[in-house]
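Structure, as structure tokens:
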Amino acid sequence: MKWETVIGLEIHAQLATRSKIFSGASTRYGAEPNTQACAVDLGLPGVLPVLNAEVVRMAVKFGLATHSTVAPRSIFARKNYFYPDLPKGYQISQYELPIVHDGYLDIEVDEDTVKRIGITRAHLEEDAGKSLHEDFHGMTGIDLNRAGTPLLEIVSEPDMRSAREAVAYMKKIHSLVRYLGICDGNMQEGSFRCDANVSVRPQGQAALGTRAELKNINSFRFVEQAINYEVERQIAVLEGGGTVIQETRLFDADRHETRPMRSKEEANDYRYFPDPDLLPVEIEPAFIDAVRQTLPELPEVKKQRFMEDYGLSVYDAGVLTATRELGDYFETVVEACGGQGKLAANWVMGDLSGALNKAGLEIGASPVSADVLGGLLRRIEDGTISGKIAKQVFEALWAGAGSADEVIESQGLKQISDSSAIEGIIRDVLANSPKQVEQYRNGQEKVFGYFVGQVMKATQGKANPKQVNELLKKMINDA
Amino acid sequence: MHHKTLVELGAGLRQGEYSSEELTRACLDRAAVLDPQLNSIITLTGEQALQAARDADARIRSGEAGPLTGIPYAHKDIFCTKGVRTSCGSRMLDNFIAPYDATVTRQLNAAGAVMIGKTNMDEFAMGSSNETSFYGPVSNPWDSETVPGGSSGGSAAAVAARLVPVSTGTDTGGSIRQPAALCGITGLKPTYGRVSRYGMIAFASSLDQAGPFARTAEDAALMLGAMAGFDPRDSTSVERTVEDYTGGLGDSLEGLKIGLPNEFFGEGLDSTVAAAVEAALDEYRKLGAIITEISLPNSQLAVPTYYVVAPAECSSNLSRFDGVRFGYRATDPADLEDLYKRSRGEGFGAEVKRRIMIGTYALSAGYYDAYYLKAQQARRLIREDFIRAFEQVDVIMGPTSPSVAFRLGEKSNNPVTMYLSDIYTIAVNLAGLPGMSIPAGFATDMPVGLQLIGNYFEEARLLNAAHRYQQVTDWHERIPPGYE
Amino acid sequence: MALEAEEVEKIAHLARLGIDHDDIPEYARNLSDILAFVEHLNGVDTRGVEPLAHPLDAVQRLRPDEVTETDEREHFLHNATLTEAGLYLVPKVIE
């Protein structure tokens, strides 16, 4: 039987606010345990939540960027369950009326296939604390610093049909929230997390199969591995005559497998109801318009513009708009080199990206600034140096040698384009290579390369290669 | 000194007849002698009180005293008080030293009022007789065999017994008005949102509201003035300036339209209580008020609605008491679930557990619509009744409680009978309106309360109506035998 | 609706309330009485009535995104029975 995979993702993006969603405690990452858990975050008797204005603004931004409806009225509800990292015994979330709903995002499945993924809803909620399982005399330690950190939970439609599509969608959301400046996207620190709902069904069947919810997948690679493992597991169960049970499973990154989560074994009854400590959130059209004014150019729009303005391919434009920082860097390079989009794209995606990858650096930490790289490309463009010499200059720039012009000047790398100078060198080469001249005249044309090599060697690679070719041809035949 | 009202004591302090320290010491001494039989106070805070009194004296000497500066008061043990045990009447919080002050506490401190102790109450404010307290029941000063009402029973008894001139309470379904009625004093529940709930341990968030107990309406007005106000820490607090509640106290009641709901005078109302209320209404007629009958047709829905909404909210509000960060923690738990179940099972009393279970059930899958949603719809019908009524009248009046104080133990085995003792007060909380109870005579030698219900934010009108009545009657000046 | 002992146990578990086995019949009776009482609401026609969650028709006020709280960890930890290294301790949690 042929099986079809059905995947929906629930992405939790921590919103990049200074203070928590319902309290004035700091959201800074990495503080000593419980030093950023205030009375409200600890759920002390008598405390009350007050909503942070910034989280509302950020959720609206996300809604506008995903073609979603921003709800004129949304409600906070309590999700009741007992867990040590949940201090109040309930999580304040949104249930029936989320702040954002019914939107979509387009993903590139391959070079020329675009697929639309529906966004069911995006709602605001508070994050929980952390359980530390190091051994405290056989007990678990609870750190509530993260409790109350604002989260936007982005729920997709079950529109994805493969792990690859799921990863493409997740990357797209990751890029988008960073573009919007609403989430730092740091997956190591847990700022961007994902749960995947995975099911399989016989190809052609309309009804969905029973799904498993995969938790704890904190990298793009793990999402792919976890889904692929889970799909195989479910198919094996079904083909073995068994049934898939609806459950929550934990991805084990070390073993590359999923296993049932013990703490979620029993069916939960969350007893959602409107939080009586919070009132309905009302959003006026004027507020939405004001937020719209602050939206940056979104990745899709930027990509189209790169293709049109700089003549880039779909692929190159996609790569260069993957993050806002990379797009900004690229455009600065283009400007600094005098508008050579393709040349700039080749360098940013080639030598620069290679060097950054090797050094494990992000674009923002590049030792070669966009202006400096642009200055280098300008010298390629105006013929001052060859592409080959440029790589040598780039290495010097990477090592911190100032500007391209300074490197070219101090290392004497300027290209020799003076015909009489090149002619003199060619004359010497021909005079010193009678045997090879003879061979060439006897029809062994590949000896030509030998002459070029000798000229370049004599000029330490600085002779303009095009001129060398032209002059050499003329002079051999004339000689 | 203990016979004096807040207004009289304030004048004496400012005129230097006595210091706040002397006054506070007198209150503490009186409490030490009389409270063992009353049990109205859970924690006496003598040391802090005397320090606060000396600070108040300095303030009085420097001429910066307000009306409450140097006045001793008793604080319901539901308000967080920094550095002082805040038990909420529960074993669960017997060891809880609040690490912060409730907004009401902070405001009373800022006004210079002197807290002498934390008062007894039904556990987590769940009760109408003060019998559910972990610290034992409170006696009604008028008859030690009867209850003072609840949940703010300790605060009401302390004022009735003249231990303090004023105290604080909270009212979720009648917890200020009913004990005020049963103890023969004045109590006011403000409009929902008028007084901050921050630091007031939540029972039912959409119903809870703090207010004062006093012997006179005038004293209650001064207390309310200090307790009320917008609080940015409470999302349900209303951004609205606090009126001068004393300015209009003496206004004439000529032409005041008073509505009497038919539903408050029917079956279930003790005839001797009805007679006292009728007599009080005659006084209002003499004061020039126009009394008409009105109807609140959905009144009979109030108690059942309340007993869905309040338990639902409390079941969630009380989930934070899990033995981990504060409060009672069971010893040697076998595992996490055992820690939760035993800490909560041993830390909470029977009535609290009953309400948590009712609320859990009402919110659970398959029952939400039938119970919780239905109750919220009924709640709207109840509120609409009042909105319509206030298009016709200025104030609604009736009995506060269907009977005078009942005997200790009389209703404690039957929850539903107990719940019905709040039959006239509960609708006011569901609608979020301000309500008062004032002494209006006696029935079988026990005090009867007259309830006054106002439109939203019309506390001043209620206080005015109460004050004028107290100018022509002396019920509020009666002292329980043995407390003269 | 009359609750059976089994349902009382289920609700108590959901609410994480430890209840003595011997007390269950009384809880069942009390809770059933309360439910029978609140079921008076069933007879009320509430078709088309919008549920009322708050007594006032107010909307949520928003707080500026500012850090206003300072570290009070040591102060807060005093109210907990078991702590270590700044953490609150609970019996081992298995995920």
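Ordered as shown in the structure tokens, chains take letters A, B, and onward, while each chain numbers its residues from 1 and ligands are numbered from 1 in the order shown.
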
- request: Extract, using only C-alpha atoms, all DNA, RNA and protein residues at most 12 Å from Leu14 in chain C, discarding same-chain residues fewer than 2 positions from it, and format them as JSON, numbers by chain.
  value: {"A": [80, 81, 82, 89, 266, 267, 268, 269, 270, 271], "B": [315, 316, 319, 337, 340, 341, 356, 357, 358, 359, 360, 361, 363, 364, 365], "C": [7, 8, 9, 10, 11, 12, 16, 17, 18]}

List as a Markdown table every residue of chain B that is in contact with chain A, defined as an atom at most 8 Å from one of its atoms (using only C-alpha atoms), together with the nearest atom pair and the distance in Å rounded to one decimal, sorted by chain and then rising number.
```
| residue | atom | partner | partner_atom | distance |
| --- | --- | --- | --- | --- |
| B:Phe79 | CA | A:Gly46 | CA | 7.8 |
| B:Cys80 | CA | A:Gly46 | CA | 7.2 |
| B:Ala102 | CA | A:Gly46 | CA | 7.6 |
| B:Arg197 | CA | A:Gly46 | CA | 7.5 |
| B:Tyr198 | CA | A:Val47 | CA | 5.6 |
| B:Gly199 | CA | A:Gly46 | CA | 3.9 |
| B:Met200 | CA | A:Gly46 | CA | 4.8 |
| B:Ile201 | CA | A:Gly46 | CA | 4.0 |
| B:Ala202 | CA | A:Gly46 | CA | 5.8 |
| B:Ser205 | CA | A:Pro276 | CA | 5.7 |
| B:Ser206 | CA | A:Pro276 | CA | 5.5 |
| B:Pro232 | CA | A:Val50 | CA | 7.9 |
| B:Arg233 | CA | A:Val50 | CA | 6.4 |
| B:Asp234 | CA | A:Leu48 | CA | 6.0 |
| B:Ser235 | CA | A:Val50 | CA | 5.5 |
| B:Thr236 | CA | A:Asp277 | CA | 6.7 |
| B:Glu313 | CA | A:Pro276 | CA | 7.6 |
| B:Ser316 | CA | A:Asn80 | CA | 6.9 |
| B:Asn317 | CA | A:Lys88 | CA | 7.7 |
| B:Ser319 | CA | A:Gly89 | CA | 4.8 |
| B:Arg320 | CA | A:Lys88 | CA | 4.2 |
| B:Phe321 | CA | A:Lys88 | CA | 7.9 |
| B:Val324 | CA | A:Pro84 | CA | 7.8 |
| B:Arg325 | CA | A:Leu42 | CA | 7.7 |
| B:Phe326 | CA | A:Leu44 | CA | 7.9 |
| B:Thr360 | CA | A:Arg271 | CA | 7.5 |
| B:Leu363 | CA | A:Arg271 | CA | 5.1 |
| B:Ser364 | CA | A:Arg271 | CA | 5.1 |
| B:Ala365 | CA | A:Asp269 | CA | 6.4 |
```

What does the file look like for those residues with N, CA, C and O atoms, as a CSV table (one decimal), in the first residue's frame?
```
chain,number,residue,atom,x,y,z
B,79,PHE,N,-5.9,39.6,53.2
B,79,PHE,CA,-5.1,40.7,52.6
B,79,PHE,C,-3.6,40.4,53.0
B,79,PHE,O,-3.3,40.2,54.1
B,80,CYS,N,-2.7,40.4,52.0
B,80,CYS,CA,-1.3,40.1,52.2
B,80,CYS,C,-0.8,41.3,53.0
B,80,CYS,O,-1.0,42.5,52.7
B,102,ALA,N,-0.6,43.8,50.1
B,102,ALA,CA,-1.7,44.0,49.2
B,102,ALA,C,-1.9,45.6,49.0
B,102,ALA,O,-1.4,46.4,49.8
B,197,ARG,N,-7.9,44.5,43.9
B,197,ARG,CA,-7.9,43.1,44.4
B,197,ARG,C,-6.4,42.6,44.5
B,197,ARG,O,-6.2,41.5,44.9
B,198,TYR,N,-5.5,43.4,44.2
B,198,TYR,CA,-4.1,43.0,44.2
B,198,TYR,C,-3.6,42.7,45.7
B,198,TYR,O,-3.8,43.6,46.5
B,199,GLY,N,-3.2,41.5,45.9
B,199,GLY,CA,-2.7,41.1,47.2
B,199,GLY,C,-3.9,40.6,48.1
B,199,GLY,O,-3.6,40.3,49.3
B,200,MET,N,-5.1,40.5,47.6
B,200,MET,CA,-6.2,40.0,48.3
B,200,MET,C,-6.3,38.6,47.8
B,200,MET,O,-6.6,38.4,46.6
B,201,ILE,N,-6.2,37.6,48.7
B,201,ILE,CA,-6.1,36.2,48.2
B,201,ILE,C,-7.4,35.8,47.5
B,201,ILE,O,-8.5,36.0,48.1
B,202,ALA,N,-7.3,35.5,46.2
B,202,ALA,CA,-8.5,35.3,45.4
B,202,ALA,C,-9.4,34.1,45.8
B,202,ALA,O,-8.9,33.0,46.0
B,205,SER,N,-12.5,35.5,41.4
B,205,SER,CA,-12.0,36.7,40.9
B,205,SER,C,-13.0,37.7,40.3
B,205,SER,O,-12.8,38.9,40.4
B,206,SER,N,-14.1,37.2,39.7
B,206,SER,CA,-15.0,38.1,39.0
B,206,SER,C,-16.1,38.6,40.0
B,206,SER,O,-17.0,39.4,39.6
B,232,PRO,N,-2.8,50.0,38.9
B,232,PRO,CA,-2.3,49.5,37.7
B,232,PRO,C,-1.9,48.0,37.8
B,232,PRO,O,-1.8,47.3,36.8
B,233,ARG,N,-1.8,47.5,39.0
B,233,ARG,CA,-1.5,46.0,39.1
B,233,ARG,C,-2.7,45.1,39.1
B,233,ARG,O,-2.6,43.9,39.2
B,234,ASP,N,-3.9,45.7,38.9
B,234,ASP,CA,-5.1,44.9,38.9
B,234,ASP,C,-5.9,45.3,37.5
B,234,ASP,O,-6.4,46.4,37.4
B,235,SER,N,-5.9,44.3,36.6
B,235,SER,CA,-6.5,44.6,35.3
B,235,SER,C,-8.0,44.9,35.4
B,235,SER,O,-8.5,45.5,34.5
B,236,THR,N,-8.6,44.5,36.5
B,236,THR,CA,-10.1,44.7,36.6
B,236,THR,C,-10.4,45.9,37.5
B,236,THR,O,-11.5,46.2,37.8
B,313,GLU,N,-14.4,29.4,39.4
B,313,GLU,CA,-13.2,30.3,39.5
B,313,GLU,C,-12.3,29.8,40.7
B,313,GLU,O,-11.1,29.8,40.6
B,316,SER,N,-9.8,26.9,40.1
B,316,SER,CA,-8.6,27.3,39.4
B,316,SER,C,-7.7,28.2,40.2
B,316,SER,O,-6.5,28.0,40.3
B,317,ASN,N,-8.3,29.1,40.9
B,317,ASN,CA,-7.5,30.0,41.8
B,317,ASN,C,-6.8,29.3,42.8
B,317,ASN,O,-5.7,29.8,43.2
B,319,SER,N,-5.5,26.3,42.7
B,319,SER,CA,-4.5,25.3,42.2
B,319,SER,C,-3.1,25.6,42.5
B,319,SER,O,-2.2,24.8,42.6
B,320,ARG,N,-2.8,26.9,42.8
B,320,ARG,CA,-1.4,27.3,43.1
B,320,ARG,C,-1.0,26.8,44.4
B,320,ARG,O,0.2,26.8,44.7
B,321,PHE,N,-1.9,26.4,45.3
B,321,PHE,CA,-1.5,25.8,46.6
B,321,PHE,C,-1.2,24.4,46.4
B,321,PHE,O,-2.1,23.5,46.5
B,324,VAL,N,4.6,23.5,47.0
B,324,VAL,CA,6.0,23.7,46.5
B,324,VAL,C,6.6,25.0,46.9
B,324,VAL,O,7.7,25.0,47.4
B,325,ARG,N,6.0,26.1,46.6
B,325,ARG,CA,6.6,27.4,46.7
B,325,ARG,C,6.3,28.1,48.1
B,325,ARG,O,7.0,29.0,48.5
B,326,PHE,N,5.1,27.7,48.6
B,326,PHE,CA,4.7,28.3,49.9
B,326,PHE,C,3.6,27.4,50.4
B,326,PHE,O,3.1,26.6,49.7
B,360,THR,N,-14.4,22.1,39.6
B,360,THR,CA,-13.7,21.2,38.7
B,360,THR,C,-14.7,20.4,37.8
B,360,THR,O,-14.5,20.3,36.6
B,363,LEU,N,-16.4,22.7,35.2
B,363,LEU,CA,-15.6,23.1,34.1
B,363,LEU,C,-15.1,21.9,33.2
B,363,LEU,O,-14.5,22.1,32.2
B,364,SER,N,-15.4,20.7,33.7
B,364,SER,CA,-14.8,19.6,33.0
B,364,SER,C,-15.5,19.2,31.7
B,364,SER,O,-16.6,19.7,31.4
B,365,ALA,N,-14.7,18.5,30.9
B,365,ALA,CA,-15.2,18.2,29.5
B,365,ALA,C,-16.6,17.5,29.6
B,365,ALA,O,-16.8,16.6,30.3
```

Phe386 in chain B surroundings by only C-alpha atoms, 12 Å radius, close-in-sequence under 3 positions cut, as JSON, numbers by chain: {"B": [259, 260, 261, 294, 295, 296, 297, 298, 299, 379, 380, 381, 382, 383, 389, 390, 391, 392, 393, 394, 395, 396, 427, 428, 429, 430, 431, 432, 433, 434, 453, 454, 455, 456], "C": [55]}

Exercise for the section: Extract, using only C-alpha atoms, all DNA, RNA and protein residues at most 10 Å from Ile24 in chain C, discarding same-chain residues fewer than 4 positions from it, and format them as number ranges by chain. Expected result: C: 4-6, 8-9, 12, 19-20, 28-30

For this session: Write out as a PyMOL selection string all residues of range 124-297 of chain B that backbone DSSP assigns to helix (DSSP H, G or I).
Result: chain B and resi 124-125+153-160+177-183+217-227+262-264+271-286
